[in-house]
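To keep things clear, I will list the structure first and then write my remarks on it.
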Amino acid sequence: MHHAPAVAASTTWIFVAVLVGMIVALALEERLHAKKSMITGVFAVLSLGLGAALGVLPFGDVTLPNGHHVGLPVYIPAVDWEVIAIILGASLFIDVISRSGIFSWMAITLTRVSGGDPLRLLGFYAALTVLFSAVLNNVTAMIIVGSLTVVSLGKLERKDLLLGFLLTEGLLTNIGGLLTLISSVPNIILGNKAGIPFVDFFIVAAPYALVATLVTLAMAVVLFDIKPLENNEARFAAAARVASFDPDDGIESRAFFRLSWGLLAAFILTIATTTVLPGVRELGMGFVAMAFAVVAMLRYKHEVDRNYAALDWDLLFFFIFLFVVINVMEHAQVLHLLGGAIGALVASGDVTGAAGLLWSSALASSVTDNVPLAAVMGTILSDQGLPTDSHLWWATIFGTNLGGNFTPIGSASTVVAVSVIHRQGLDMSFLRFVRAALPFALVHVLLATAYVLLVLR
Amino acid sequence: MRLDEFESVFRSAVKPTFAYAPPTLGRVMLVTHGEDAATRAVEPAVKRLLASLDGPPSLELLTVGLADWVTPAGLLDLVQEQAPDLVVTWRNLAGAPGALRWDLGPVVHALTQGSERPVLLLPDPHRADFGERVATPRRVLVVTDHLTGDDRLANWGVALTPNHGHLHLAHIEDQTTFDHYVDVISRLPDIDTDRARVQLRDKLLGLPRAYCASLKQVLADQHVDEQIVDLVELGDPIARYPDLVAEHRIDLLICNTKDPGQRAMDALAHALAVELHDLPLLLL
């Protein structure tokens, strides 16, 4: 591709305004009654149009690794197709194997094992939330655990605990979302930009996720006044109620159920070893996700249209349009401008730089979508040539993931948690959420700051 | 949002379960119109019919005649005062013999709708085959379609079925109502009619089947030696139950009459009580 021409400062500021406009529009998504993909789509079209009109876009052939040139529209190489392939493949794969009933089986089995004791139930659901957020996306994890919570607490006639349970689970999705490289979109974007291998990511993130989960649980028990059952009579009655849950109800085929366990284990293993497997290493995690999706879909080969229909197309187009906007911003020198500010923050010192990055990422993520932030930050930090093991990458990863816990609009999974709460007719305003979640969010970010500065630096 | 989808998955996983709590019987009130040769045969017949129930070694049987209660309202007062565990009577008590085939009479209506006590409705004791009809039941049919998971009905059925006897749990889902809902669904473009028909039928019949499975398991755990037969299907309940009674040679039928809107006694239970006039019926 031809190099972009020099950009006038006034032109750059025009694009800064476009970027700010998009971020504000995303923060006001609910009020605008517009899906994310529509917002980023409008700004992608606007950015491309302005970019072409103001001469900041580099039109021309794209050079392939073998030296060949190929003519592609400027917005095609703008998209990080590896990220899209990972999200698309993993979503399809998880959707297909979830039809085997493995996730509902796991959730119901744990409910039965809890014996209906609220304290044990909270512990099990917390573990389940973190595990599901690590394997699935945060939204799906919250939907599964949240809906099970509604049904099981209803069955136990303990709807008074619903608010505390759902809020705790919503907050824990963002902790679980830190666990692996593919647990959240910011992880995928930032981890890929930094070149952090899957296993290395897990080794660094797991200790924090474990401690943060335990601390969150302890706080929830105290703040939401969750107590164990007091006597044998209550324990017996609760156990009888949860015993009426049949974990096998959602299993249509035993063979596919077993196969799904095998596929899920193989998927995690392959993703974890992608960087060391010859051939697979070159094809990347997107290939692994797509390959497993295709293998899993063989089970429903005559009705794969149902799997395609279940995809979150809003999310996929949101990412595609977002990458286009970010690419135009790069050409318009907007990221260079932001990079200067971030460079100054980083240069302010080893401790203040990392802490500043973490807290500013967290605060920015609390009021708008963390994906554009991750995409912008990933590009800026990558341009600054940070090494893979730099703690600044981790400051950004922790900040973008944990910021969502400050407000109900901070992350998609907390939006789901609030939706579940509202569906049950419970009162949860923006301010009430902030009041309830603030102690947790502050502790999460403080813990992350301590971890980055004391352990990872 | 797939919230509703997963809530449905988990709600579907909650199965109706049977809780074993056999009723005990201490005092039984036998309501008659007065003493004659036929009514004297009722007492031993009732004792035979209730032989399987748990209770004190000697059942306290209190017989009251027309002189003791005079009007249905007076009978209800008497029932409240004596607080029997079971009231036994027969159809159209003290009524015109010509109405026997078509009516249950004011006494039965008063007892089923004005009192919470279970009512055992016997065939007319003046029938020549009364002794054969009212014996220890070997085959009991419980009509469970009023309310899936109605443990009270099932527990009475279990208690009245002797060891090695057959307890039939029947659930006839009304085909006409089902067809009506499917017809409405067929007019909703958002719902696939064929899938809805299959899934709706499977769920409607699956819940009572799950309840029967739970009952079998609980009785096996309690070492109750009875043969449990589940009869779950779509059909016309009023036409089908008499068929089932004949097909399975039922000796005693148990059904519900106590619901908040008194719908049972205005519909199925009343229709069965009228139709199956030669069979003992336990109206709970």
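Just so we're on the same page: first chain in the structure tokens is A, next is B, and so on; residues restart at 1 for each chain, and ligands are numbered from 1 in the order they show up.
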
When the cut-off is 7 Å and we count only C-alpha atoms, which residues of chain A are near chain B, given as an MDAnalysis selection string? chainID A and resid 143:144 147:148 151 244:247 249:250

Quick one: pick out all strand (DSSP E or B) residues within stretch 120-217 of chain B from a backbone DSSP run and write them as a count of residues only. 17

Could you list, as an MDAnalysis selection string, every residue within 6 Å of stretch 160-162 of chain B, counting only C-alpha atoms and ignoring same-chain residues fewer than 3 positions away? chainID B and resid 52:53 157 165

Contacts of B:Ser115 at 8 Å or less, counting only C-alpha atoms, minus same-chain residues fewer than 3 places along, as a list in words? Leu76, Val79, Gln80, Ala110, Leu111 and Thr112 of chain B

Using the chain letters and numbers from this document, which residues of stretch 71-273 of chain B does DSSP assign to alpha helix (DSSP H), as an MDAnalysis selection string? chainID B and resid 72:82 106:114 130:133 151:160 175:185 193:221 237:247 263:266 268:273

To one decimal in Å, tell me the separation between atom CA of A:Arg306 and atom CA of A:Glu29.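 One can read the atom CA of A:Arg306 to atom CA of A:Glu29 distance as 28.0 Å.
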
What are the nearest atom pairs, with distances in Å to one decimal, for all residues of stretch 28-72 of chain A that come at most 8 Å from stretch 5-14 of chain A, using only C-alpha atoms, set out by chain and rising residue number as JSON lines?
{"residue": "A:Leu54", "atom": "CA", "partner": "A:Thr11", "partner_atom": "CA", "distance": 7.5}
{"residue": "A:Gly55", "atom": "CA", "partner": "A:Pro5", "partner_atom": "CA", "distance": 7.4}
{"residue": "A:Val56", "atom": "CA", "partner": "A:Pro5", "partner_atom": "CA", "distance": 6.2}
{"residue": "A:Leu57", "atom": "CA", "partner": "A:Pro5", "partner_atom": "CA", "distance": 7.8}
{"residue": "A:Pro58", "atom": "CA", "partner": "A:Pro5", "partner_atom": "CA", "distance": 7.4}

List the spatial neighbours of B:Thr39 as a ChimeraX atom specification - criterion: any atom at most 9 Å away, only C-alpha atoms, same-chain residues fewer than 5 positions off excluded. /B:32-34,125-126

Calculated over only C-alpha atoms, which of the candidates A:Ala134, A:Ala417, A:Met285, A:Ile380 has the smallest distance to A:Met329?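 Once distances to A:Met329 are computed over only C-alpha atoms, the minimum belongs to A:Ile380.
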
Need the shell around stretch 355-366 of chain A: protein/DNA/RNA residues with any atom at most 7 Å away, counting only C-alpha atoms. Skip same-chain ones fewer than 6 positions apart. Format as a short mmCIF file (atom, residue, chain, number, x, y, z; two decimals) with N, CA and C atoms, in the first residue's frame?
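The resulting file, result.cif, is reproduced below:
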data_model
loop_
_atom_site.label_atom_id
_atom_site.label_comp_id
_atom_site.auth_asym_id
_atom_site.auth_seq_id
_atom_site.Cartn_x
_atom_site.Cartn_y
_atom_site.Cartn_z
N LEU A 345 2.56 10.03 29.52
CA LEU A 345 2.10 9.35 30.73
C LEU A 345 3.06 8.21 31.08
N ALA A 395 -1.14 -3.42 32.37
CA ALA A 395 -1.88 -2.31 32.98
C ALA A 395 -3.09 -1.97 32.11
N THR A 396 -2.88 -1.97 30.79
CA THR A 396 -3.97 -1.65 29.87
C THR A 396 -5.02 -2.76 29.84
N PHE A 398 -5.75 -4.98 32.23
CA PHE A 398 -6.53 -4.96 33.48
C PHE A 398 -7.50 -3.77 33.48
N GLY A 399 -6.99 -2.61 33.06
CA GLY A 399 -7.82 -1.40 33.10
C GLY A 399 -9.04 -1.52 32.20
N THR A 400 -8.82 -1.97 30.94
CA THR A 400 -9.95 -2.04 29.99
C THR A 400 -10.98 -3.08 30.43
N LEU A 402 -11.51 -4.21 33.72
CA LEU A 402 -12.12 -3.97 35.04
C LEU A 402 -12.95 -2.69 35.10
N GLY A 403 -12.69 -1.75 34.16
CA GLY A 403 -13.44 -0.49 34.18
C GLY A 403 -14.94 -0.71 34.05
N GLY A 404 -15.32 -1.80 33.38
CA GLY A 404 -16.74 -2.10 33.18
C GLY A 404 -17.51 -2.30 34.46
N ASN A 405 -16.81 -2.51 35.57
CA ASN A 405 -17.51 -2.78 36.84
C ASN A 405 -17.96 -1.51 37.57
N PHE A 406 -17.52 -0.36 37.09
CA PHE A 406 -17.89 0.88 37.79
C PHE A 406 -19.33 1.30 37.52
N THR A 407 -19.81 1.06 36.30
CA THR A 407 -21.16 1.53 35.93
C THR A 407 -21.94 0.41 35.23
N GLY A 410 -20.79 -0.02 31.66
CA GLY A 410 -19.35 -0.15 31.47
C GLY A 410 -18.95 -1.38 30.67
N THR A 449 -3.77 -2.86 40.36
CA THR A 449 -2.64 -1.92 40.41
C THR A 449 -1.49 -2.52 41.23
#

Best match for closeness to B:Asn256 among B:Ala159, B:Val28, B:Leu272, B:Leu234, counting only C-alpha atoms: B:Leu272

Coordinates-based distance that separates atom CA of A:Ile203 from atom CA of A:Val367 (Å, one decimal): 29.5 Å

Show which residues sit within 9 Å of A:Ala44, as a ChimeraX atom specification. Count only C-alpha atoms, and ignore same-chain residues fewer than 6 positions away. /A:321-326,328
